[in-house]
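Asks: TSV, C-alpha atoms and all ligand atoms, saved as start-v4.tsv, coming up:
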```tsv
chain	number	residue	atom	x	y	z
A	1079	MET	CA	24.17	-103.78	87.62
A	1080	THR	CA	23.37	-105.90	84.58
A	1081	TRP	CA	23.91	-109.62	84.84
A	1082	VAL	CA	24.02	-112.17	82.06
A	1083	VAL	CA	22.97	-115.68	83.09
A	1084	LEU	CA	23.83	-118.38	80.58
A	1085	GLY	CA	21.80	-121.55	81.13
A	1086	SER	CA	18.82	-120.12	83.01
A	1087	THR	CA	16.80	-123.24	82.11
A	1088	GLY	CA	19.09	-125.38	84.28
A	1089	LEU	CA	18.61	-126.45	87.89
A	1090	PHE	CA	20.95	-123.76	89.21
A	1091	GLY	CA	20.53	-121.20	86.41
A	1092	PHE	CA	16.82	-120.93	87.14
A	1093	ASP	CA	17.33	-120.05	90.82
A	1094	MET	CA	20.27	-117.77	90.01
A	1095	THR	CA	18.05	-115.77	87.68
A	1096	LYS	CA	15.17	-115.70	90.19
A	1097	THR	CA	17.46	-114.59	93.02
A	1098	LEU	CA	18.87	-111.74	90.94
A	1099	ILE	CA	15.46	-110.52	89.81
A	1100	GLU	CA	14.16	-110.64	93.40
A	1101	ALA	CA	17.19	-108.58	94.44
A	1102	GLY	CA	16.26	-105.94	91.87
A	1103	GLU	CA	19.13	-106.68	89.48
A	1104	LYS	CA	18.78	-106.38	85.72
A	1105	VAL	CA	19.18	-109.81	84.13
A	1106	ILE	CA	19.70	-110.98	80.56
A	1107	THR	CA	19.27	-114.74	80.12
A	1108	LEU	CA	20.84	-116.69	77.29
A	1109	ASN	CA	19.94	-120.25	76.46
A	1110	ARG	CA	20.28	-122.91	73.79
A	1111	SER	CA	18.21	-120.99	71.23
A	1112	ASP	CA	20.18	-117.76	71.77
A	1113	ILE	CA	23.74	-118.99	71.71
A	1114	ASN	CA	25.89	-121.41	69.74
A	1115	LEU	CA	28.72	-122.86	71.79
A	1116	LEU	CA	30.85	-123.10	68.64
A	1117	TRP	CA	30.85	-119.33	68.16
A	1118	ASN	CA	34.06	-117.46	68.86
A	1119	PRO	CA	34.17	-114.90	71.71
A	1120	LYS	CA	33.51	-111.99	69.32
A	1121	GLN	CA	30.36	-113.67	67.96
A	1122	ILE	CA	29.19	-114.41	71.51
A	1123	VAL	CA	29.62	-110.73	72.46
A	1124	GLU	CA	27.70	-109.65	69.37
A	1125	ASN	CA	24.81	-111.88	70.40
A	1126	ILE	CA	24.46	-110.64	73.95
A	1127	PRO	CA	21.65	-108.08	73.80
A	1128	HIS	CA	22.72	-104.58	74.89
A	1129	ALA	CA	26.28	-105.74	75.60
A	1130	ILE	CA	27.68	-102.81	73.70
A	1131	SER	CA	25.24	-100.11	74.81
A	1132	SER	CA	24.78	-100.96	78.49
A	1133	PRO	CA	27.66	-102.19	80.66
A	1134	ILE	CA	27.47	-105.76	81.87
A	1135	SER	CA	28.86	-106.28	85.36
A	1136	ASN	CA	28.63	-110.05	85.82
A	1137	ILE	CA	28.39	-113.06	83.55
A	1138	VAL	CA	27.21	-116.27	85.23
A	1139	ASN	CA	28.02	-119.46	83.38
A	1140	ALA	CA	25.40	-122.02	84.40
A	1141	ILE	CA	25.68	-123.87	81.09
A	1142	ALA	CA	27.17	-127.30	81.57
A	1143	TYR	CA	27.18	-130.86	80.34
A	1144	THR	CA	26.17	-132.50	83.61
A	1145	ASP	CA	25.33	-136.08	82.66
A	1146	VAL	CA	28.23	-137.91	84.27
A	1147	GLU	CA	27.45	-141.24	82.62
A	1148	LYS	CA	26.88	-139.88	79.10
A	1149	ALA	CA	30.11	-137.88	79.36
A	1150	GLU	CA	32.04	-141.18	79.56
A	1151	LYS	CA	30.79	-142.01	76.06
A	1152	ASP	CA	30.95	-138.49	74.64
A	1153	GLU	CA	33.88	-136.74	76.24
A	1154	THR	CA	34.26	-134.51	73.16
A	1155	THR	CA	30.90	-132.83	73.77
A	1156	ALA	CA	31.52	-132.66	77.52
A	1157	LYS	CA	34.79	-130.82	76.79
A	1158	LEU	CA	33.18	-128.50	74.27
A	1159	VAL	CA	30.54	-127.43	76.80
A	1160	ASN	CA	32.44	-127.58	80.10
A	1161	CYS	CA	35.88	-126.54	78.94
A	1162	GLU	CA	36.12	-124.84	75.53
A	1163	PHE	CA	32.99	-122.74	75.96
A	1164	ALA	CA	34.04	-121.75	79.50
A	1165	GLY	CA	37.39	-120.59	78.07
A	1166	LYS	CA	35.57	-118.48	75.46
A	1167	LEU	CA	33.46	-116.88	78.17
A	1168	ALA	CA	36.65	-115.82	79.93
A	1169	GLN	CA	37.57	-113.91	76.75
A	1170	VAL	CA	34.03	-112.51	76.51
A	1171	SER	CA	34.24	-111.24	80.08
A	1172	ILE	CA	37.56	-109.50	79.33
A	1173	GLU	CA	36.04	-107.91	76.24
A	1174	LEU	CA	33.05	-106.62	78.26
A	1175	GLY	CA	34.97	-105.72	81.41
A	1176	ALA	CA	32.67	-108.00	83.42
A	1177	ARG	CA	33.28	-110.46	86.23
A	1178	LEU	CA	32.92	-114.10	85.16
A	1179	VAL	CA	31.17	-116.40	87.60
A	1180	HIS	CA	31.81	-120.00	86.65
A	1181	ILE	CA	30.26	-122.99	88.39
A	1182	SER	CA	32.42	-126.05	88.95
A	1183	THR	CA	32.13	-129.28	90.86
A	1184	ASP	CA	33.32	-131.52	93.67
A	1185	TYR	CA	34.06	-134.10	90.94
A	1186	VAL	CA	37.32	-132.27	90.18
A	1187	PHE	CA	38.63	-134.32	93.14
A	1188	ASP	CA	39.29	-138.05	93.20
A	1189	GLY	CA	37.30	-138.78	96.34
A	1190	ARG	CA	40.14	-140.64	98.06
A	1191	SER	CA	40.40	-138.14	100.89
A	1192	THR	CA	38.94	-138.75	104.33
A	1193	VAL	CA	38.61	-135.08	105.22
A	1194	PRO	CA	36.79	-132.34	103.27
A	1195	TYR	CA	38.76	-131.01	100.31
A	1196	LYS	CA	40.33	-127.60	100.65
A	1197	ILE	CA	40.56	-125.17	97.74
A	1198	GLU	CA	44.28	-125.72	97.32
A	1199	ASP	CA	44.06	-129.53	97.22
A	1200	PRO	CA	45.13	-130.89	93.84
A	1201	ALA	CA	42.44	-131.80	91.34
A	1202	ASN	CA	42.51	-135.38	90.14
A	1203	PRO	CA	39.21	-136.24	88.44
A	1204	LEU	CA	38.14	-139.86	87.99
A	1205	THR	CA	35.49	-139.20	85.34
A	1206	ALA	CA	35.26	-137.64	81.86
A	1207	TYR	CA	32.84	-135.08	83.32
A	1208	GLY	CA	35.33	-134.23	86.08
A	1209	ARG	CA	38.18	-133.90	83.56
A	1210	SER	CA	36.14	-131.55	81.38
A	1211	LYS	CA	35.33	-129.39	84.41
A	1212	VAL	CA	38.96	-129.26	85.57
A	1213	GLU	CA	40.06	-128.25	82.08
A	1214	GLY	CA	37.41	-125.51	82.07
A	1215	GLU	CA	38.72	-124.24	85.40
A	1216	ILE	CA	42.27	-124.21	84.02
A	1217	LEU	CA	41.33	-122.21	80.90
A	1218	ILE	CA	39.60	-119.62	83.08
A	1219	ARG	CA	42.41	-119.46	85.64
A	1220	GLU	CA	45.00	-119.00	82.89
A	1221	SER	CA	43.02	-116.16	81.33
A	1222	ASP	CA	43.38	-112.54	82.39
A	1223	SER	CA	39.70	-112.35	83.23
A	1224	ASP	CA	38.22	-111.16	86.52
A	1225	TYR	CA	36.78	-114.54	87.43
A	1226	GLN	CA	35.36	-116.46	90.36
A	1227	ILE	CA	34.93	-120.22	90.28
A	1228	PHE	CA	32.29	-121.62	92.65
A	1229	ARG	CA	32.73	-125.35	93.21
A	1230	THR	CA	29.51	-126.90	94.38
A	1231	SER	CA	28.10	-130.38	94.92
A	1232	TRP	CA	24.97	-132.54	95.06
A	1233	LEU	CA	22.70	-129.71	93.92
A	1234	TYR	CA	18.97	-129.90	94.47
A	1235	GLY	CA	16.33	-127.33	93.63
A	1236	GLU	CA	12.71	-126.64	92.97
A	1237	HIS	CA	12.50	-126.30	89.23
A	1238	LYS	CA	14.17	-129.32	87.69
A	1239	ASP	CA	14.62	-132.98	88.41
A	1240	CYS	CA	17.18	-133.78	91.09
A	1241	PHE	CA	18.01	-136.49	93.66
A	1242	PRO	CA	15.28	-135.59	96.21
A	1243	LYS	CA	12.59	-135.48	93.51
A	1244	LYS	CA	13.72	-138.88	92.18
A	1245	ILE	CA	13.58	-140.37	95.66
A	1246	ALA	CA	10.11	-138.89	96.22
A	1247	ARG	CA	8.90	-140.24	92.87
A	1248	ASN	CA	10.13	-143.72	93.71
A	1249	PHE	CA	8.21	-143.64	96.99
A	1250	LEU	CA	5.04	-142.55	95.22
A	1251	GLU	CA	5.45	-145.24	92.57
A	1252	LYS	CA	6.16	-147.78	95.34
A	1253	LYS	CA	9.53	-148.66	93.84
A	1254	PRO	CA	12.28	-149.94	96.17
A	1255	ILE	CA	14.63	-147.21	97.36
A	1256	ARG	CA	18.15	-148.57	97.37
A	1257	VAL	CA	20.77	-145.91	98.01
A	1258	VAL	CA	24.54	-146.14	98.35
A	1259	ASP	CA	25.94	-145.51	101.82
A	1260	ASP	CA	29.59	-145.17	100.79
A	1261	GLN	CA	29.51	-141.91	98.82
A	1262	PHE	CA	29.87	-138.73	100.83
A	1263	GLY	CA	29.31	-135.09	99.90
A	1264	ASN	CA	27.44	-131.90	100.71
A	1265	PRO	CA	23.82	-131.67	99.48
A	1266	THR	CA	23.43	-128.03	98.44
A	1267	TRP	CA	20.31	-126.01	97.65
A	1268	THR	CA	20.49	-124.05	94.38
A	1269	LYS	CA	18.93	-121.06	96.16
A	1270	ASP	CA	21.76	-121.02	98.69
A	1271	LEU	CA	24.35	-121.20	95.93
A	1272	ALA	CA	22.66	-118.32	94.09
A	1273	ALA	CA	22.57	-116.21	97.28
A	1274	LEU	CA	26.28	-116.90	97.80
A	1275	VAL	CA	27.13	-115.81	94.25
A	1276	LEU	CA	25.13	-112.61	94.74
A	1277	ASP	CA	26.78	-111.98	98.10
A	1278	HIS	CA	30.24	-112.21	96.51
A	1279	SER	CA	29.31	-109.61	93.92
A	1280	ASN	CA	28.99	-107.13	96.78
A	1281	LEU	CA	32.52	-107.78	98.04
A	1282	GLU	CA	35.37	-105.48	97.09
A	1283	ALA	CA	37.06	-106.97	94.02
A	1284	ALA	CA	40.33	-107.30	95.94
A	1285	ASN	CA	38.59	-109.38	98.63
A	1286	ARG	CA	36.90	-111.81	96.28
A	1287	PRO	CA	38.49	-115.26	96.40
A	1288	LYS	CA	39.19	-116.71	92.96
A	1289	ILE	CA	37.86	-120.11	93.97
A	1290	VAL	CA	35.07	-120.70	96.45
A	1291	HIS	CA	33.87	-123.99	97.90
A	1292	ALA	CA	30.18	-123.19	97.61
A	1293	VAL	CA	28.44	-126.00	99.47
A	1294	ALA	CA	26.26	-126.45	102.52
A	1295	SER	CA	28.15	-127.10	105.74
A	1296	GLY	CA	28.62	-130.61	107.04
A	1297	GLN	CA	28.82	-133.79	105.05
A	1298	THR	CA	26.60	-136.81	104.65
A	1299	SER	CA	26.20	-140.01	102.66
A	1300	ARG	CA	23.72	-140.47	99.81
A	1301	PHE	CA	21.90	-142.97	102.03
A	1302	GLU	CA	21.63	-140.55	104.94
A	1303	PHE	CA	20.35	-137.84	102.59
A	1304	ALA	CA	17.71	-140.22	101.21
A	1305	VAL	CA	16.61	-141.06	104.77
A	1306	GLU	CA	16.23	-137.35	105.47
A	1307	ILE	CA	14.21	-136.92	102.26
A	1308	ALA	CA	11.93	-139.78	103.29
A	1309	ASN	CA	11.48	-138.21	106.73
A	1310	SER	CA	10.46	-134.97	105.01
A	1311	LEU	CA	7.76	-136.95	103.19
A	1312	GLY	CA	6.44	-138.14	106.54
A	1313	LEU	CA	7.87	-141.63	106.09
A	1314	PRO	CA	10.08	-143.60	108.49
A	1315	GLY	CA	13.30	-143.03	106.51
A	1316	ASP	CA	15.36	-145.66	108.31
A	1317	SER	CA	12.99	-148.44	107.37
A	1318	VAL	CA	11.96	-147.41	103.85
A	1319	VAL	CA	15.41	-146.68	102.45
A	1320	GLU	CA	17.64	-149.70	101.84
A	1321	ARG	CA	21.36	-149.22	102.31
A	1322	ILE	CA	23.59	-150.62	99.55
A	1323	SER	CA	27.24	-150.25	98.58
A	1324	SER	CA	28.53	-148.67	95.37
A	1325	THR	CA	29.54	-152.12	94.09
A	1326	GLU	CA	25.84	-153.07	94.07
A	1327	TYR	CA	24.82	-149.99	92.09
A	1328	LEU	CA	25.39	-150.26	88.36
A	1329	SER	CA	26.60	-147.00	86.86
A	1330	GLY	CA	28.23	-146.07	83.58
A	1331	ALA	CA	30.79	-143.95	85.44
A	1332	ILE	CA	33.01	-144.41	88.49
A	1333	ARG	CA	31.80	-142.15	91.28
A	1334	PRO	CA	34.37	-140.58	93.59
A	1335	GLN	CA	33.62	-141.78	97.12
A	1336	PHE	CA	34.30	-138.81	99.33
A	1337	THR	CA	33.93	-135.38	97.75
A	1338	ALA	CA	32.86	-133.26	100.68
A	1339	LEU	CA	34.29	-129.77	100.31
A	1340	ASP	CA	35.68	-127.61	103.09
A	1341	ASN	CA	33.59	-124.42	102.79
A	1342	SER	CA	35.47	-122.38	105.40
A	1343	ASN	CA	36.33	-119.76	102.76
A	1344	SER	CA	38.08	-116.65	103.97
A	1345	THR	CA	35.34	-114.21	102.86
A	1346	GLY	CA	31.64	-114.14	102.09
A	1347	ILE	CA	28.74	-115.88	103.75
A	1348	GLN	CA	28.89	-119.57	104.60
A	1349	ILE	CA	25.95	-121.79	103.69
A	1350	GLY	CA	24.39	-123.38	106.78
A	1351	ASN	CA	24.23	-127.02	107.77
A	1352	TRP	CA	22.98	-129.28	104.97
A	1353	ARG	CA	20.27	-130.91	107.11
A	1354	GLU	CA	18.83	-127.60	108.29
A	1355	ARG	CA	18.93	-126.16	104.77
A	1356	TRP	CA	17.25	-129.30	103.39
A	1357	ARG	CA	14.47	-129.12	106.01
A	1358	LEU	CA	13.75	-125.57	104.88
A	1359	ALA	CA	14.06	-126.36	101.16
A	1360	SER	CA	12.12	-129.63	101.24
A	1361	ARG	CA	8.72	-127.92	101.43
A	1362	LEU	CA	9.42	-126.21	98.11
A	1363	VAL	CA	11.46	-128.91	96.40
A	1364	LEU	CA	9.14	-131.81	97.16
A	1365	THR	CA	5.90	-130.02	96.40
A	1366	ARG	CA	6.81	-129.11	92.84
A	1367	ASN	CA	6.67	-132.13	90.59
A	1368	VAL	CA	9.08	-131.90	87.66
A	1369	GLN	CA	10.03	-134.86	85.48
B	1	LIG	N1	23.64	-130.85	89.61
B	1	LIG	C1	24.59	-131.14	90.48
B	1	LIG	O1	24.40	-131.97	91.39
B	1	LIG	C2	25.93	-130.46	90.39
B	1	LIG	C3	26.93	-130.84	91.29
B	1	LIG	C4	28.15	-130.19	91.24
B	1	LIG	C5	28.37	-129.18	90.32
B	1	LIG	N2	27.40	-128.84	89.45
B	1	LIG	C6	27.67	-127.76	88.50
B	1	LIG	O2	26.68	-126.76	88.66
B	1	LIG	C7	26.43	-126.12	87.42
B	1	LIG	C8	24.93	-126.10	87.17
B	1	LIG	O3	24.48	-127.46	87.09
B	1	LIG	P1	22.95	-127.82	86.90
B	1	LIG	O4	22.70	-129.05	87.68
B	1	LIG	O5	22.13	-126.60	87.13
B	1	LIG	O6	22.93	-128.20	85.35
B	1	LIG	P2	21.68	-128.56	84.45
B	1	LIG	O7	20.42	-128.54	85.24
B	1	LIG	O8	22.05	-129.82	83.73
B	1	LIG	O9	21.61	-127.34	83.44
B	1	LIG	C9	22.57	-127.21	82.45
B	1	LIG	C10	22.27	-125.98	81.62
B	1	LIG	O10	23.20	-125.99	80.52
B	1	LIG	C11	22.46	-125.87	79.32
B	1	LIG	N3	23.17	-126.54	78.23
B	1	LIG	C12	23.73	-127.77	78.23
B	1	LIG	N4	24.28	-128.03	77.04
B	1	LIG	C13	24.06	-126.94	76.25
B	1	LIG	C14	24.39	-126.58	74.92
B	1	LIG	N5	25.06	-127.43	74.14
B	1	LIG	N6	24.02	-125.36	74.48
B	1	LIG	C15	23.35	-124.49	75.27
B	1	LIG	N7	23.00	-124.76	76.55
B	1	LIG	C16	23.37	-125.98	77.03
B	1	LIG	C17	21.11	-126.53	79.61
B	1	LIG	O11	20.19	-126.13	78.65
B	1	LIG	P3	18.88	-126.99	78.31
B	1	LIG	O12	17.94	-126.76	79.47
B	1	LIG	O13	18.39	-126.40	77.03
B	1	LIG	O14	19.31	-128.42	78.20
B	1	LIG	C18	20.86	-125.98	81.01
B	1	LIG	O15	20.39	-124.65	80.94
B	1	LIG	C19	27.23	-126.88	86.37
B	1	LIG	O16	28.41	-126.17	86.11
B	1	LIG	C20	27.57	-128.20	87.04
B	1	LIG	O17	28.79	-128.72	86.57
B	1	LIG	C21	26.17	-129.45	89.47
```
Let me see the structure of the file written as structure tokens.
Ligand SMILES: NC(=O)c1ccc[n+]([C@@H]2O[C@H](COP(=O)([O-])OP(=O)(O)OC[C@H]3O[C@@H](n4cnc5c(N)ncnc54)[C@H](OP(=O)(O)O)[C@@H]3O)[C@@H](O)[C@H]2O)c1
Replies:
Amino acid sequence: MTWVVLGSTGLFGFDMTKTLIEAGEKVITLNRSDINLLWNPKQIVENIPHAISSPISNIVNAIAYTDVEKAEKDETTAKLVNCEFAGKLAQVSIELGARLVHISTDYVFDGRSTVPYKIEDPANPLTAYGRSKVEGEILIRESDSDYQIFRTSWLYGEHKDCFPKKIARNFLEKKPIRVVDDQFGNPTWTKDLAALVLDHSNLEAANRPKIVHAVASGQTSRFEFAVEIANSLGLPGDSVVERISSTEYLSGAIRPQFTALDNSNSTGIQIGNWRERWRLASRLVLTRNVQ
């Protein structure tokens, strides 16, 4: 099978590409210098190497505008990247007869729930980023493409900056670690998400759910996750991490409070408990220093 991964320089895209190569799949990566998001679907197809001569089975869209705060000030760009481009990729996948794998987010929900969100729960984003992602989902769902949308959350990985690396850096630089204890979600390892995407490609098309809640099992608060990260660094997490509330943390965007996702999908593997996955991942994630 030939896969196209768009955005292989990103936190997730990197591990998606690595996972596919390790599994013996053929992978074409496309990044900022290869692709212009303003192109129309035909131009995108023409710029995918070998798209015409060798069949492409899967297109993974890991390109996204992920800066939640900047998106508040530049919703136009967030929509171009997260919505309009995603819609074009749906057309590209139809043209190539390929499955489209699109990555979405827990931020499609408003965070007012007290129990993990199910796939069928209504989206109601609070942020410009969340709106752009919902609109991208809608364009894909309304297309005739063979798509799968994987909603994930609180991603961390080895190859790019992420929450655990920031926490570790603050410890090293002896900066105070103040972390909100009233935002809840599912910390998810990019490698686990990539393995899940690959696993779904082996399912019969008829058995593939259109939307997957692709997160580690169990939920936690940002504070609790930071404590766990500190413990992984050999520090007494409970005493080095200071618990604060969201009202004490200045941010350019409202953060939904509870965005844990219910990952009891009907088919495919389920990612294990977030704490166990973190303990395994931490050795890799915390040893590689990326700014
Ligand atoms: N990170 C999280 O905690 C989180 C949580 C929930 C959902 N998600 C979703 O997971 C997916 C992957 O997120 P991520 O954290 O891996 O994102 P990321 O690290 O920010 O990577 C984004 C990718 O998109 C590319 N990109 C952005 N704007 C572009 C443009 N105008 N033209 C071409 N390429 C562009 C980046 O390229 P450059 O490297 O050249 O900038 C990079 O390869 C996204 O769909 C995101 O919404 C992430």
Asks: List as an MDAnalysis selection string the protein and nucleic acid residues lying within 7 Å of ligand LIG 1 (chain B), with only C-alpha atoms and all ligand atoms counted.
Replies: chainID A and resid 1085:1091 1109:1110 1113:1115 1140:1144 1159 1181:1184 1211 1229:1234 1238
Asks: Nearest to Asp1224 in chain A: which of A:Thr1107, A:Thr1345, A:Ser1310, A:Asn1136 is it, counting only C-alpha atoms?
Replies: A:Asn1136
Asks: Report as a count of residues only all protein, DNA and RNA residues lying within 9 Å of Ile1134 in chain A, evaluated on all atoms listed in the file, omitting residues in the same chain fewer than 5 positions from it.
Replies: 11
Asks: Nearest to Gly1165 in chain A among A:His1180, A:Arg1286, A:Arg1361, A:Lys1151, with distances taken over all atoms listed in the file: which residue is it?
Replies: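 Of A:His1180, A:Arg1286, A:Arg1361, A:Lys1151, the one nearest Gly1165 in chain A, counting all atoms listed in the file, is A:His1180.
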Asks: Taking all atoms listed in the file into account, which of A:Glu1198, A:Asp1152, A:Glu1354, A:Asp1270 comes nearest Glu1306 in chain A?
Replies: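 Looking only at the distances to Glu1306 in chain A, the closest residue turns out to be A:Glu1354.
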Asks: Report, in Å to a single decimal, how far apart CA of Lys1157 in chain A and CA of Ser1324 in chain A are.
Replies: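 Atom-to-atom, CA of Ser1324 in chain A and CA of Lys1157 in chain A are spaced 26.5 Å apart.
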Asks: With distances taken over all atoms listed in the file, which of A:Ile1227, A:Ile1106, A:Val1186, A:Leu1178 is nearest to Asn1202 in chain A?
Replies: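 Among A:Ile1227, A:Ile1106, A:Val1186, A:Leu1178, it is A:Val1186 that comes nearest to Asn1202 in chain A.
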Asks: Using only C-alpha atoms, pick whichever of A:Val1363, A:Lys1104, A:Glu1173, A:Asp1112 has the shortest atom-to-atom distance to Asp1239 in chain A.
Replies: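 With only C-alpha atoms as the atom set, the closest residue is A:Val1363.
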Asks: Using only C-alpha atoms, find the one residue out of A:Ser1279, A:Glu1302, A:Pro1314, A:Asn1343 that sits nearest to Tyr1225 in chain A.
Replies: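 Comparing A:Ser1279, A:Glu1302, A:Pro1314, A:Asn1343 against Tyr1225 in chain A, the winner is A:Ser1279.
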Asks: Set the distance at 10 Å and use only C-alpha atoms: which residues neighbour range 1259-1267 of chain A once local chain neighbours fewer than 4 positions away are removed? I'd like the list as a PyMOL selection string.
Replies: chain A and resi 1089-1090+1093+1184+1189+1192+1194+1230-1236+1241-1242+1271-1272+1292-1304+1320-1325+1333-1341+1349-1353+1355-1356+1358-1360+1363
Asks: Could you give me, as a PyMOL selection string, the residues within 6 Å of Gln1226 in chain A, counting all atoms listed in the file and dropping anything in the same chain fewer than 5 positions from it?
Replies: chain A and resi 1179+1288-1289
Asks: In Å, how far is it from CA of Val1318 in chain A to CA of Arg1357 in chain A?
Replies: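 One can read the CA of Val1318 in chain A to CA of Arg1357 in chain A distance as 18.6 Å.
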Asks: CA of His1237 in chain A to CA of Leu1167 in chain A: how many Å, to one decimal?
Replies: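 CA of Leu1167 in chain A lies 25.5 Å from CA of His1237 in chain A.
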Asks: With all atoms listed in the file as the counted atoms, please give the residues lying no more than 8 Å from Val1212 in chain A, apart from itself and same-chain residues fewer than 5 positions off, as number ranges by chain.
Replies: A: 1161, 1186, 1201, 1203
Asks: Can I get the selected residues back with C-alpha atoms, as a tab-separated table (two decimals), in the coordinates of the input?
Replies:
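Saved as selection_15.tsv:
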```tsv
chain	number	residue	atom	x	y	z
A	1161	CYS	CA	35.88	-126.54	78.94
A	1186	VAL	CA	37.32	-132.27	90.18
A	1201	ALA	CA	42.44	-131.80	91.34
A	1203	PRO	CA	39.21	-136.24	88.44
```
